[in-house]
Structure formats: C-alpha cells, structure tokens
Amino acid sequence: MSSGVAWLSALQRAPGKVLLDAVCNHLNLVEGDYFGLEFPDHKKITVWLDLLKPIVKQIRRPKHVVVKFVVKFFPPDHTQLQEELTRYLFALQVKQDLAQGRLTCNDTSAALLISHIVQSEIGDFDEASDREHLAKNKYIPQQDALEDKIVEFHHNHIGQTPAESDFQLLEIARRLEMYGIRLHPAKDREGTKINLAVANTGILVFQVRAFRPQLSSLGDGKIRVGSSTLIPCWVGRVKTSDSYFM
C-alpha cells in the first residue's frame with residue numbers, strides 16, 4: 001500500500017504524458033496517440049490534461065477529480081486504425097457520444113448505428129431478444145420511437161462478428177457532421193463566448209448564437225483549411241451552457 005501511495009505521489013509531480021502512457025500500457029494499447037485525458041477544472045469546465053505540464057499544477061484536488069480516458073483525435077478514415085483494440089475503443093466512444101447527444105444524426109442513421117451496436121453486444125437477430133435488450137439499454141434519447149427500425153436493420157446483420165460490427169459502426173459514424181466534434185467553451189479577444197472543437201480539418205470555432213453558430217477563427221473572422229474557407233453551417237442540435245445551437 002505504501003509503495004502505491006508513493007507511486008501516486010510521484011505521478012502527480014510528473015507531466016501529464018506519464019499518466020496517459022500508464023493508461024495506454026495498462027490497456028496494452030499501441031495506438032495511444034489518438035487518445036487523451038480530460039477532467040473538470042476548478043470552474044467545472046471539461047479540459048484536456050496537458051501532456052507537458054506537471055499533473056499537480058493542473059489538477060488541484062486529485063482525490064475529488066475523475067479523469068476520463070477518451071478519443072481526442074479522430075482520423076477522417078477509420079481504416080487508418082491498425083489495431084482491433086483501437087477500433088473497439090473508438091466504437092465505445094461513438095456509443096457514448098450517441099448516448100450523451102453529442103453525436104447528432106437523423107433517425108435512420110441513429111437506428112442503423114444502434115443496430116450494429118446491438119449485433120456487437122448480443123449477436124444475431126432474434127426479435128424477442130432484441131426488444132428485451134433495447135428495453136434494458138438506452139443508446140440514444142427518445143430511443144423507443146426508433147425501436148422497430150432498429151430491429152429491422154439488425155435483421156440484416158446476421159453472421160456479423162463484433163469486430164465487423166465495430167467496423168461498420170465507425171464507417172457510418174465518420175460520415176456524420178458531428179463525428180469527432182467535442183465542443184469546449186472559450187472566449188475570443190472581445191470576450192465573446194465561443195466553442196472550440198478540434199476536427200481532422202483543423203480547429204473549428206463556433207460563435208454562440210441562439211439561432212445558429214457562425215464559423216470563424218481567432219484572428220480575421222474566418223477559418224481557413226489550406227486555401228479553402230469554411231462557410232457558416234450547422235447540422236443537428238447541441239446544448240451549451242447558455243443556449244442551443246440550431
């Protein structure tokens with residue numbers, strides 16, 4: 001016990017990367033660069049653990065803070081992921097994002113995603129088993145309205161292995177507008193509330209508006225990816241601390 005306490009004490013003085021590496025080693029995870037650690041700061045805002053700074057300077061009260069291991073970087077093509085374990089962890093992240101309303105999509109896409117999750121968890125289609133499983137497990141809000149469609153889609157996945165189901169889940173999810181988008185509250189130079197998100201195309205900045213967000217950069221009011229300029233757009237609905245993006 002004392003050696004464990006000493007190790008934890010030393011870990012708190014270490015940079016964040018030491019903790020992330022320890023988690024990856026515990027999971028036998030090779031492709032750890034896609035993942036990160038997040039925690040609520042003293043203002044209850046979820047932030048990333050800085051891998052270069054000492055942990056003790058970031059987490060003020062470690063005994064009262066839950067640090068979460070999550071996907072941080074989403075490649076545009078999930079076939080870039082080499083390890084089955086990595087794909088499994090990505091599938092778990094998609095599942096969690098669906099349940100929390102972070103990954104928004106239309107009803108058909110939602111039902112198809114859930115049908116692959118069900119195939120991965122309970123295997124081949126059996127209507128009674130499907131409906132019992134869906135009654136006990138809620139994968140998205142308002143799931144009951146999609147139950148018939150989920151069961152119908154699940155019937156098409158007979159013979160599909162859990163690994164194949166995870167692959168199909170990621171194939172569908174990567175085409176969604178909000179795939180891999182994690183909003184983080186911030187303020188621009190004028191003090192205007194914004195939300196930042198890291199995507200495979202670069203850093204996105206959402207201005208908080210009651211009617212819709214506008215994309216901009218911290219500098220000249222535009223986001224540029226290469227020589228392109230992103231125009232204001234929105235798909236779905238995400239709740240912030242102040243309003244809904246529509």
# chains A, B, ... in the order shown; residues from 1 in each chain; ligands from 1

call {"tool": "residues_around", "arguments": {"residues": "Leu98 of chain A", "least_positions_apart": "4", "cutoff": "10 Å", "atoms": "only C-alpha atoms", "output": "list in words"}}
result
Leu92, Gln93, Val94, Arg102, Leu103, Thr104, Cys105, Ala110, Leu113, Ile114, Lys138, Tyr139, Ile140, Pro141 and Ala173 of chain A

call {"tool": "select_by_dssp", "arguments": {"residues": "segment 45-133 of chain A", "states": "helix (DSSP H, G or I)", "output": "number ranges by chain"}}
result
A: 55-57, 62-64, 78-80, 84-99, 107-122, 127-133

call {"tool": "closest_residue", "arguments": {"among": "A:Gln143, A:Ser109, A:Gln58, A:Gln82", "to": "Tyr34 of chain A", "atoms": "only C-alpha atoms"}}
result
A:Gln82

call {"tool": "residues_around", "arguments": {"residues": "Arg87 of chain A", "least_positions_apart": "3", "cutoff": "12 Å", "atoms": "only C-alpha atoms", "output": "PDB file with C-alpha atoms, in the first residue's frame"}}
result
ATOM      1  CA  LEU A  29      -2.808  -0.027 -26.382  1.00  0.00           C
ATOM      2  CA  VAL A  30      -0.292   0.599 -29.145  1.00  0.00           C
ATOM      3  CA  GLU A  31      -2.038   3.487 -30.932  1.00  0.00           C
ATOM      4  CA  GLY A  32      -2.223   5.748 -27.900  1.00  0.00           C
ATOM      5  CA  TYR A  34      -5.330   9.087 -30.804  1.00  0.00           C
ATOM      6  CA  PHE A  35      -6.391   9.357 -27.152  1.00  0.00           C
ATOM      7  CA  VAL A  71     -10.665   9.633 -28.019  1.00  0.00           C
ATOM      8  CA  PHE A  74     -10.494  11.233 -34.990  1.00  0.00           C
ATOM      9  CA  PRO A  75      -8.881  10.312 -38.322  1.00  0.00           C
ATOM     10  CA  ASP A  77     -10.801   7.400 -42.402  1.00  0.00           C
ATOM     11  CA  HIS A  78     -11.108   4.815 -39.632  1.00  0.00           C
ATOM     12  CA  THR A  79      -9.283   2.237 -41.774  1.00  0.00           C
ATOM     13  CA  GLN A  80      -6.117   4.092 -40.742  1.00  0.00           C
ATOM     14  CA  LEU A  81      -6.538   2.436 -37.337  1.00  0.00           C
ATOM     15  CA  GLN A  82      -4.287  -0.609 -37.321  1.00  0.00           C
ATOM     16  CA  GLU A  83      -5.301  -2.396 -34.118  1.00  0.00           C
ATOM     17  CA  GLU A  84      -8.636  -4.078 -33.377  1.00  0.00           C
ATOM     18  CA  PHE A  90     -13.372   4.207 -30.967  1.00  0.00           C
ATOM     19  CA  ALA A  91     -16.650   2.280 -31.183  1.00  0.00           C
ATOM     20  CA  LEU A  92     -17.126   2.723 -27.424  1.00  0.00           C
ATOM     21  CA  GLN A  93     -16.564   6.470 -27.870  1.00  0.00           C
ATOM     22  CA  VAL A  94     -19.183   6.639 -30.636  1.00  0.00           C
ATOM     23  CA  PRO A 162     -18.370  -7.982 -33.031  1.00  0.00           C
ATOM     24  CA  ALA A 163     -15.219  -6.696 -34.770  1.00  0.00           C
ATOM     25  CA  GLU A 164     -17.112  -6.365 -38.075  1.00  0.00           C
ATOM     26  CA  SER A 165     -19.923  -4.560 -36.278  1.00  0.00           C
ATOM     27  CA  ASP A 166     -17.448  -2.094 -34.774  1.00  0.00           C
ATOM     28  CA  PHE A 167     -16.007  -1.508 -38.248  1.00  0.00           C
ATOM     29  CA  GLN A 168     -19.455  -0.805 -39.714  1.00  0.00           C
ATOM     30  CA  LEU A 169     -20.334   1.457 -36.782  1.00  0.00           C
ATOM     31  CA  LEU A 170     -17.277   3.598 -37.453  1.00  0.00           C
ATOM     32  CA  GLU A 171     -17.933   3.577 -41.205  1.00  0.00           C
TER      33      GLU A 171
END

call {"tool": "residues_around", "arguments": {"residues": "Lys17 of chain A", "least_positions_apart": "3", "cutoff": "8 Å", "atoms": "only C-alpha atoms", "output": "list in words"}}
result
Leu20, Asp21, Asp50, Leu51 and Leu52 of chain A

call {"tool": "atom_distance", "arguments": {"atom1": "atom CA of Leu183 of chain A", "atom2": "atom CA of Val65 of chain A"}}
result
20.4 Å

call {"tool": "closest_residue", "arguments": {"among": "A:Ala197, A:Leu49, A:Val18, A:Ile55", "to": "Tyr179 of chain A", "atoms": "only C-alpha atoms"}}
result
A:Ala197

call {"tool": "residues_around", "arguments": {"residues": "Val118 of chain A", "least_positions_apart": "2", "cutoff": "12 Å", "atoms": "only C-alpha atoms", "output": "PyMOL selection string"}}
result
chain A and resi 95+111-116+120-127+129-139+147+150-158+160-162+165-166+169

call {"tool": "write_last_selection", "arguments": {"atoms": "N, CA and C atoms", "output": "short mmCIF file (atom, residue, chain, number, x, y, z; two decimals), in the first residue's frame"}}
result
data_model
loop_
_atom_site.label_atom_id
_atom_site.label_comp_id
_atom_site.auth_asym_id
_atom_site.auth_seq_id
_atom_site.Cartn_x
_atom_site.Cartn_y
_atom_site.Cartn_z
N LYS A 95 -20.44 5.16 -29.22
CA LYS A 95 -21.60 4.73 -28.41
C LYS A 95 -21.87 5.75 -27.30
N ALA A 111 -30.76 4.71 -36.00
CA ALA A 111 -31.23 3.33 -35.91
C ALA A 111 -30.21 2.36 -36.48
N LEU A 112 -29.56 2.75 -37.57
CA LEU A 112 -28.55 1.88 -38.18
C LEU A 112 -27.34 1.72 -37.26
N LEU A 113 -26.91 2.82 -36.66
CA LEU A 113 -25.80 2.77 -35.71
C LEU A 113 -26.11 1.83 -34.55
N ILE A 114 -27.30 2.00 -33.98
CA ILE A 114 -27.68 1.18 -32.83
C ILE A 114 -27.82 -0.29 -33.22
N SER A 115 -28.28 -0.55 -34.44
CA SER A 115 -28.42 -1.95 -34.87
C SER A 115 -27.07 -2.65 -34.90
N HIS A 116 -26.01 -1.93 -35.27
CA HIS A 116 -24.67 -2.52 -35.25
C HIS A 116 -24.17 -2.71 -33.82
N SER A 120 -23.17 -6.30 -32.10
CA SER A 120 -21.90 -6.49 -31.42
C SER A 120 -22.10 -7.03 -30.00
N GLU A 121 -23.18 -6.60 -29.35
CA GLU A 121 -23.38 -6.94 -27.95
C GLU A 121 -24.12 -8.25 -27.72
N ILE A 122 -25.11 -8.56 -28.56
CA ILE A 122 -25.90 -9.78 -28.30
C ILE A 122 -25.89 -10.76 -29.46
N GLY A 123 -25.24 -10.41 -30.56
CA GLY A 123 -25.14 -11.36 -31.67
C GLY A 123 -26.31 -11.28 -32.63
N ASP A 124 -26.59 -12.39 -33.30
CA ASP A 124 -27.55 -12.42 -34.39
C ASP A 124 -28.99 -12.11 -33.95
N PHE A 125 -29.75 -11.70 -34.92
CA PHE A 125 -31.12 -11.23 -34.72
C PHE A 125 -32.04 -12.29 -34.11
N ASP A 126 -32.76 -11.87 -33.12
CA ASP A 126 -33.90 -12.58 -32.57
C ASP A 126 -34.82 -11.50 -32.02
N GLU A 127 -36.00 -11.37 -32.58
CA GLU A 127 -36.83 -10.21 -32.27
C GLU A 127 -37.13 -10.08 -30.78
N SER A 129 -35.38 -11.20 -28.24
CA SER A 129 -34.15 -10.81 -27.54
C SER A 129 -33.80 -9.35 -27.84
N ASP A 130 -34.01 -8.95 -29.08
CA ASP A 130 -33.73 -7.57 -29.47
C ASP A 130 -34.54 -6.59 -28.63
N ARG A 131 -35.83 -6.82 -28.57
CA ARG A 131 -36.71 -5.87 -27.87
C ARG A 131 -36.45 -5.88 -26.37
N GLU A 132 -36.12 -7.03 -25.83
CA GLU A 132 -35.77 -7.10 -24.41
C GLU A 132 -34.48 -6.33 -24.14
N HIS A 133 -33.50 -6.50 -25.03
CA HIS A 133 -32.22 -5.81 -24.87
C HIS A 133 -32.40 -4.30 -24.99
N LEU A 134 -33.19 -3.87 -25.96
CA LEU A 134 -33.41 -2.43 -26.15
C LEU A 134 -34.19 -1.82 -24.99
N ALA A 135 -35.04 -2.61 -24.37
CA ALA A 135 -35.79 -2.11 -23.21
C ALA A 135 -34.88 -1.85 -22.02
N LYS A 136 -33.79 -2.63 -21.96
CA LYS A 136 -32.87 -2.51 -20.82
C LYS A 136 -31.70 -1.58 -21.10
N ASN A 137 -31.47 -1.25 -22.36
CA ASN A 137 -30.31 -0.44 -22.73
C ASN A 137 -30.75 0.73 -23.60
N LYS A 138 -30.47 1.93 -23.17
CA LYS A 138 -30.82 3.12 -23.92
C LYS A 138 -29.56 3.71 -24.55
N TYR A 139 -29.52 3.68 -25.87
CA TYR A 139 -28.34 4.14 -26.59
C TYR A 139 -28.44 5.60 -27.03
N GLU A 147 -37.41 1.93 -32.19
CA GLU A 147 -37.21 0.51 -31.90
C GLU A 147 -37.51 -0.39 -33.10
N ILE A 150 -34.73 -0.12 -35.64
CA ILE A 150 -33.50 -0.76 -35.15
C ILE A 150 -33.59 -2.28 -35.35
N VAL A 151 -34.72 -2.85 -34.97
CA VAL A 151 -34.92 -4.30 -35.11
C VAL A 151 -34.86 -4.70 -36.58
N GLU A 152 -35.46 -3.90 -37.43
CA GLU A 152 -35.46 -4.19 -38.87
C GLU A 152 -34.04 -4.19 -39.42
N PHE A 153 -33.24 -3.20 -39.04
CA PHE A 153 -31.85 -3.14 -39.51
C PHE A 153 -31.02 -4.29 -38.95
N HIS A 154 -31.27 -4.62 -37.68
CA HIS A 154 -30.47 -5.69 -37.05
C HIS A 154 -30.65 -7.02 -37.77
N HIS A 155 -31.80 -7.24 -38.34
CA HIS A 155 -32.07 -8.48 -39.07
C HIS A 155 -31.12 -8.67 -40.24
N ASN A 156 -30.56 -7.57 -40.74
CA ASN A 156 -29.67 -7.63 -41.90
C ASN A 156 -28.22 -7.95 -41.53
N HIS A 157 -27.92 -8.04 -40.24
CA HIS A 157 -26.53 -8.20 -39.82
C HIS A 157 -26.19 -9.62 -39.39
N ILE A 158 -27.02 -10.58 -39.72
CA ILE A 158 -26.80 -11.97 -39.29
C ILE A 158 -25.43 -12.46 -39.76
N GLN A 160 -22.56 -11.37 -38.63
CA GLN A 160 -21.55 -10.33 -38.47
C GLN A 160 -20.89 -10.44 -37.09
N THR A 161 -19.56 -10.47 -37.06
CA THR A 161 -18.84 -10.59 -35.80
C THR A 161 -18.81 -9.25 -35.07
N PRO A 162 -18.49 -9.25 -33.76
CA PRO A 162 -18.37 -7.98 -33.03
C PRO A 162 -17.36 -7.03 -33.67
N SER A 165 -18.91 -5.53 -36.68
CA SER A 165 -19.92 -4.56 -36.28
C SER A 165 -19.28 -3.24 -35.87
N ASP A 166 -18.17 -3.31 -35.14
CA ASP A 166 -17.45 -2.09 -34.77
C ASP A 166 -16.97 -1.36 -36.02
N LEU A 169 -19.92 0.32 -37.62
CA LEU A 169 -20.33 1.46 -36.78
C LEU A 169 -19.48 2.68 -37.08
#

call {"tool": "residues_around", "arguments": {"residues": "segment 199-202 of chain A", "least_positions_apart": "4", "cutoff": "8 Å", "atoms": "only C-alpha atoms", "output": "list in words"}}
result
Phe73, Phe74, Pro75, Pro76, Gly180, Ile181 and Val225 of chain A

call {"tool": "write_last_selection", "arguments": {"atoms": "all heavy atoms", "output": "compact mmCIF listing (two decimals), in the first residue's frame"}}
result
# COMPACT_ATOMS: atom_id res chain seq x y z
N PHE A 73 -8.32 12.48 -31.02
CA PHE A 73 -8.10 12.76 -32.44
C PHE A 73 -8.80 11.68 -33.28
O PHE A 73 -8.52 10.50 -33.15
CB PHE A 73 -6.61 12.78 -32.76
CG PHE A 73 -5.84 13.81 -31.99
CD1 PHE A 73 -4.96 13.44 -30.99
CD2 PHE A 73 -6.01 15.16 -32.25
CE1 PHE A 73 -4.27 14.39 -30.27
CE2 PHE A 73 -5.33 16.13 -31.53
CZ PHE A 73 -4.44 15.74 -30.54
N PHE A 74 -9.72 12.13 -34.13
CA PHE A 74 -10.49 11.23 -34.99
C PHE A 74 -9.97 11.32 -36.42
O PHE A 74 -10.12 12.36 -37.06
CB PHE A 74 -11.97 11.61 -34.98
CG PHE A 74 -12.68 11.36 -33.68
CD1 PHE A 74 -12.50 12.21 -32.59
CD2 PHE A 74 -13.53 10.27 -33.53
CE1 PHE A 74 -13.15 11.97 -31.39
CE2 PHE A 74 -14.19 10.03 -32.34
CZ PHE A 74 -14.00 10.88 -31.27
N PRO A 75 -9.34 10.27 -36.93
CA PRO A 75 -8.88 10.31 -38.32
C PRO A 75 -10.08 10.33 -39.27
O PRO A 75 -11.13 9.76 -38.96
CB PRO A 75 -8.09 9.01 -38.47
CG PRO A 75 -8.67 8.09 -37.46
CD PRO A 75 -9.07 8.96 -36.30
N PRO A 76 -9.96 11.00 -40.43
CA PRO A 76 -11.09 11.05 -41.36
C PRO A 76 -11.48 9.68 -41.90
O PRO A 76 -12.63 9.47 -42.27
CB PRO A 76 -10.57 11.96 -42.48
CG PRO A 76 -9.08 11.90 -42.37
CD PRO A 76 -8.79 11.73 -40.93
N GLY A 180 -16.60 13.17 -34.13
CA GLY A 180 -15.32 13.64 -33.61
C GLY A 180 -15.30 15.07 -33.14
O GLY A 180 -14.25 15.59 -32.76
N ILE A 181 -16.45 15.73 -33.11
CA ILE A 181 -16.52 17.13 -32.68
C ILE A 181 -16.82 17.17 -31.18
O ILE A 181 -17.86 16.71 -30.73
CB ILE A 181 -17.60 17.91 -33.44
CG1 ILE A 181 -17.32 17.89 -34.95
CG2 ILE A 181 -17.69 19.34 -32.93
CD1 ILE A 181 -16.03 18.57 -35.34
N VAL A 225 -8.76 26.27 -44.08
CA VAL A 225 -8.12 24.96 -44.12
C VAL A 225 -7.44 24.87 -45.47
O VAL A 225 -8.09 24.74 -46.50
CB VAL A 225 -9.15 23.82 -43.96
CG1 VAL A 225 -8.43 22.49 -43.99
CG2 VAL A 225 -9.93 23.98 -42.67

call {"tool": "select_by_dssp", "arguments": {"residues": "segment 41-168 of chain A", "states": "strand (DSSP E)", "output": "PyMOL selection string"}}
result
chain A and resi 46-48+68-71

call {"tool": "write_last_selection", "arguments": {"atoms": "N, CA and C atoms", "output": "PDB file, in the first residue's frame"}}
result
ATOM      1  N   THR A  46     -14.851  21.036 -18.603  1.00  0.00           N
ATOM      2  CA  THR A  46     -14.039  19.900 -19.013  1.00  0.00           C
ATOM      3  C   THR A  46     -12.885  20.365 -19.902  1.00  0.00           C
ATOM      4  N   VAL A  47     -11.676  20.019 -19.514  1.00  0.00           N
ATOM      5  CA  VAL A  47     -10.475  20.425 -20.253  1.00  0.00           C
ATOM      6  C   VAL A  47      -9.585  19.206 -20.459  1.00  0.00           C
ATOM      7  N   TRP A  48      -8.672  19.332 -21.426  1.00  0.00           N
ATOM      8  CA  TRP A  48      -7.706  18.262 -21.670  1.00  0.00           C
ATOM      9  C   TRP A  48      -6.556  18.360 -20.689  1.00  0.00           C
ATOM     10  N   LYS A  68     -10.949  11.195 -17.281  1.00  0.00           N
ATOM     11  CA  LYS A  68     -11.516  10.257 -18.250  1.00  0.00           C
ATOM     12  C   LYS A  68     -10.565  10.045 -19.433  1.00  0.00           C
ATOM     13  N   PHE A  69     -10.458   8.801 -19.832  1.00  0.00           N
ATOM     14  CA  PHE A  69      -9.671   8.413 -20.997  1.00  0.00           C
ATOM     15  C   PHE A  69     -10.598   8.376 -22.197  1.00  0.00           C
ATOM     16  N   VAL A  70     -10.391   9.259 -23.170  1.00  0.00           N
ATOM     17  CA  VAL A  70     -11.312   9.390 -24.297  1.00  0.00           C
ATOM     18  C   VAL A  70     -10.533   9.564 -25.603  1.00  0.00           C
ATOM     19  N   VAL A  71     -11.260   9.377 -26.704  1.00  0.00           N
ATOM     20  CA  VAL A  71     -10.665   9.633 -28.019  1.00  0.00           C
ATOM     21  C   VAL A  71     -10.511  11.140 -28.198  1.00  0.00           C
TER      22      VAL A  71
END

call {"tool": "closest_residue", "arguments": {"among": "A:Arg175, A:Thr108, A:Thr192, A:Pro185", "to": "Lys43 of chain A", "atoms": "only C-alpha atoms"}}
result
A:Pro185

call {"tool": "decode", "arguments": {"residues": "segment 116-175 of chain A", "atoms": "C-alpha atoms", "output": "PDB file, in the first residue's frame"}}
result
ATOM      1  CA  HIS A 116     -24.669  -2.523 -35.252  1.00  0.00           C
ATOM      2  CA  ILE A 117     -24.161  -1.924 -31.527  1.00  0.00           C
ATOM      3  CA  VAL A 118     -26.845  -4.498 -30.760  1.00  0.00           C
ATOM      4  CA  GLN A 119     -25.242  -7.001 -33.148  1.00  0.00           C
ATOM      5  CA  SER A 120     -21.903  -6.491 -31.416  1.00  0.00           C
ATOM      6  CA  GLU A 121     -23.382  -6.939 -27.945  1.00  0.00           C
ATOM      7  CA  ILE A 122     -25.900  -9.777 -28.303  1.00  0.00           C
ATOM      8  CA  GLY A 123     -25.141 -11.360 -31.665  1.00  0.00           C
ATOM      9  CA  ASP A 124     -27.555 -12.421 -34.390  1.00  0.00           C
ATOM     10  CA  PHE A 125     -31.119 -11.229 -34.724  1.00  0.00           C
ATOM     11  CA  ASP A 126     -33.904 -12.585 -32.567  1.00  0.00           C
ATOM     12  CA  GLU A 127     -36.834 -10.214 -32.272  1.00  0.00           C
ATOM     13  CA  ALA A 128     -37.769 -11.095 -28.690  1.00  0.00           C
ATOM     14  CA  SER A 129     -34.152 -10.809 -27.543  1.00  0.00           C
ATOM     15  CA  ASP A 130     -33.728  -7.566 -29.467  1.00  0.00           C
ATOM     16  CA  ARG A 131     -36.712  -5.873 -27.874  1.00  0.00           C
ATOM     17  CA  GLU A 132     -35.771  -7.098 -24.412  1.00  0.00           C
ATOM     18  CA  HIS A 133     -32.221  -5.808 -24.875  1.00  0.00           C
ATOM     19  CA  LEU A 134     -33.410  -2.429 -26.152  1.00  0.00           C
ATOM     20  CA  ALA A 135     -35.795  -2.111 -23.210  1.00  0.00           C
ATOM     21  CA  LYS A 136     -32.872  -2.508 -20.825  1.00  0.00           C
ATOM     22  CA  ASN A 137     -30.312  -0.438 -22.726  1.00  0.00           C
ATOM     23  CA  LYS A 138     -30.824   3.117 -23.917  1.00  0.00           C
ATOM     24  CA  TYR A 139     -28.337   4.143 -26.591  1.00  0.00           C
ATOM     25  CA  ILE A 140     -29.886   7.499 -27.501  1.00  0.00           C
ATOM     26  CA  PRO A 141     -32.572   9.764 -26.055  1.00  0.00           C
ATOM     27  CA  GLN A 142     -36.062   9.006 -27.419  1.00  0.00           C
ATOM     28  CA  GLN A 143     -34.929   5.533 -28.476  1.00  0.00           C
ATOM     29  CA  ASP A 144     -38.404   3.990 -28.143  1.00  0.00           C
ATOM     30  CA  ALA A 145     -39.615   5.726 -31.302  1.00  0.00           C
ATOM     31  CA  LEU A 146     -36.845   4.011 -33.306  1.00  0.00           C
ATOM     32  CA  GLU A 147     -37.207   0.507 -31.903  1.00  0.00           C
ATOM     33  CA  ASP A 148     -38.974  -1.018 -34.921  1.00  0.00           C
ATOM     34  CA  LYS A 149     -36.416   0.455 -37.322  1.00  0.00           C
ATOM     35  CA  ILE A 150     -33.504  -0.760 -35.154  1.00  0.00           C
ATOM     36  CA  VAL A 151     -34.916  -4.296 -35.107  1.00  0.00           C
ATOM     37  CA  GLU A 152     -35.461  -4.193 -38.873  1.00  0.00           C
ATOM     38  CA  PHE A 153     -31.850  -3.136 -39.508  1.00  0.00           C
ATOM     39  CA  HIS A 154     -30.471  -5.685 -37.046  1.00  0.00           C
ATOM     40  CA  HIS A 155     -32.071  -8.481 -39.066  1.00  0.00           C
ATOM     41  CA  ASN A 156     -29.669  -7.635 -41.900  1.00  0.00           C
ATOM     42  CA  HIS A 157     -26.530  -8.197 -39.815  1.00  0.00           C
ATOM     43  CA  ILE A 158     -26.801 -11.968 -39.289  1.00  0.00           C
ATOM     44  CA  GLY A 159     -23.361 -13.588 -39.138  1.00  0.00           C
ATOM     45  CA  GLN A 160     -21.547 -10.330 -38.471  1.00  0.00           C
ATOM     46  CA  THR A 161     -18.836 -10.594 -35.801  1.00  0.00           C
ATOM     47  CA  PRO A 162     -18.370  -7.982 -33.031  1.00  0.00           C
ATOM     48  CA  ALA A 163     -15.219  -6.696 -34.770  1.00  0.00           C
ATOM     49  CA  GLU A 164     -17.112  -6.365 -38.075  1.00  0.00           C
ATOM     50  CA  SER A 165     -19.923  -4.560 -36.278  1.00  0.00           C
ATOM     51  CA  ASP A 166     -17.448  -2.094 -34.774  1.00  0.00           C
ATOM     52  CA  PHE A 167     -16.007  -1.508 -38.248  1.00  0.00           C
ATOM     53  CA  GLN A 168     -19.455  -0.805 -39.714  1.00  0.00           C
ATOM     54  CA  LEU A 169     -20.334   1.457 -36.782  1.00  0.00           C
ATOM     55  CA  LEU A 170     -17.277   3.598 -37.453  1.00  0.00           C
ATOM     56  CA  GLU A 171     -17.933   3.577 -41.205  1.00  0.00           C
ATOM     57  CA  ILE A 172     -21.362   5.125 -40.641  1.00  0.00           C
ATOM     58  CA  ALA A 173     -20.304   7.463 -37.833  1.00  0.00           C
ATOM     59  CA  ARG A 174     -17.396   9.002 -39.755  1.00  0.00           C
ATOM     60  CA  ARG A 175     -19.816  10.370 -42.367  1.00  0.00           C
TER      61      ARG A 175
END
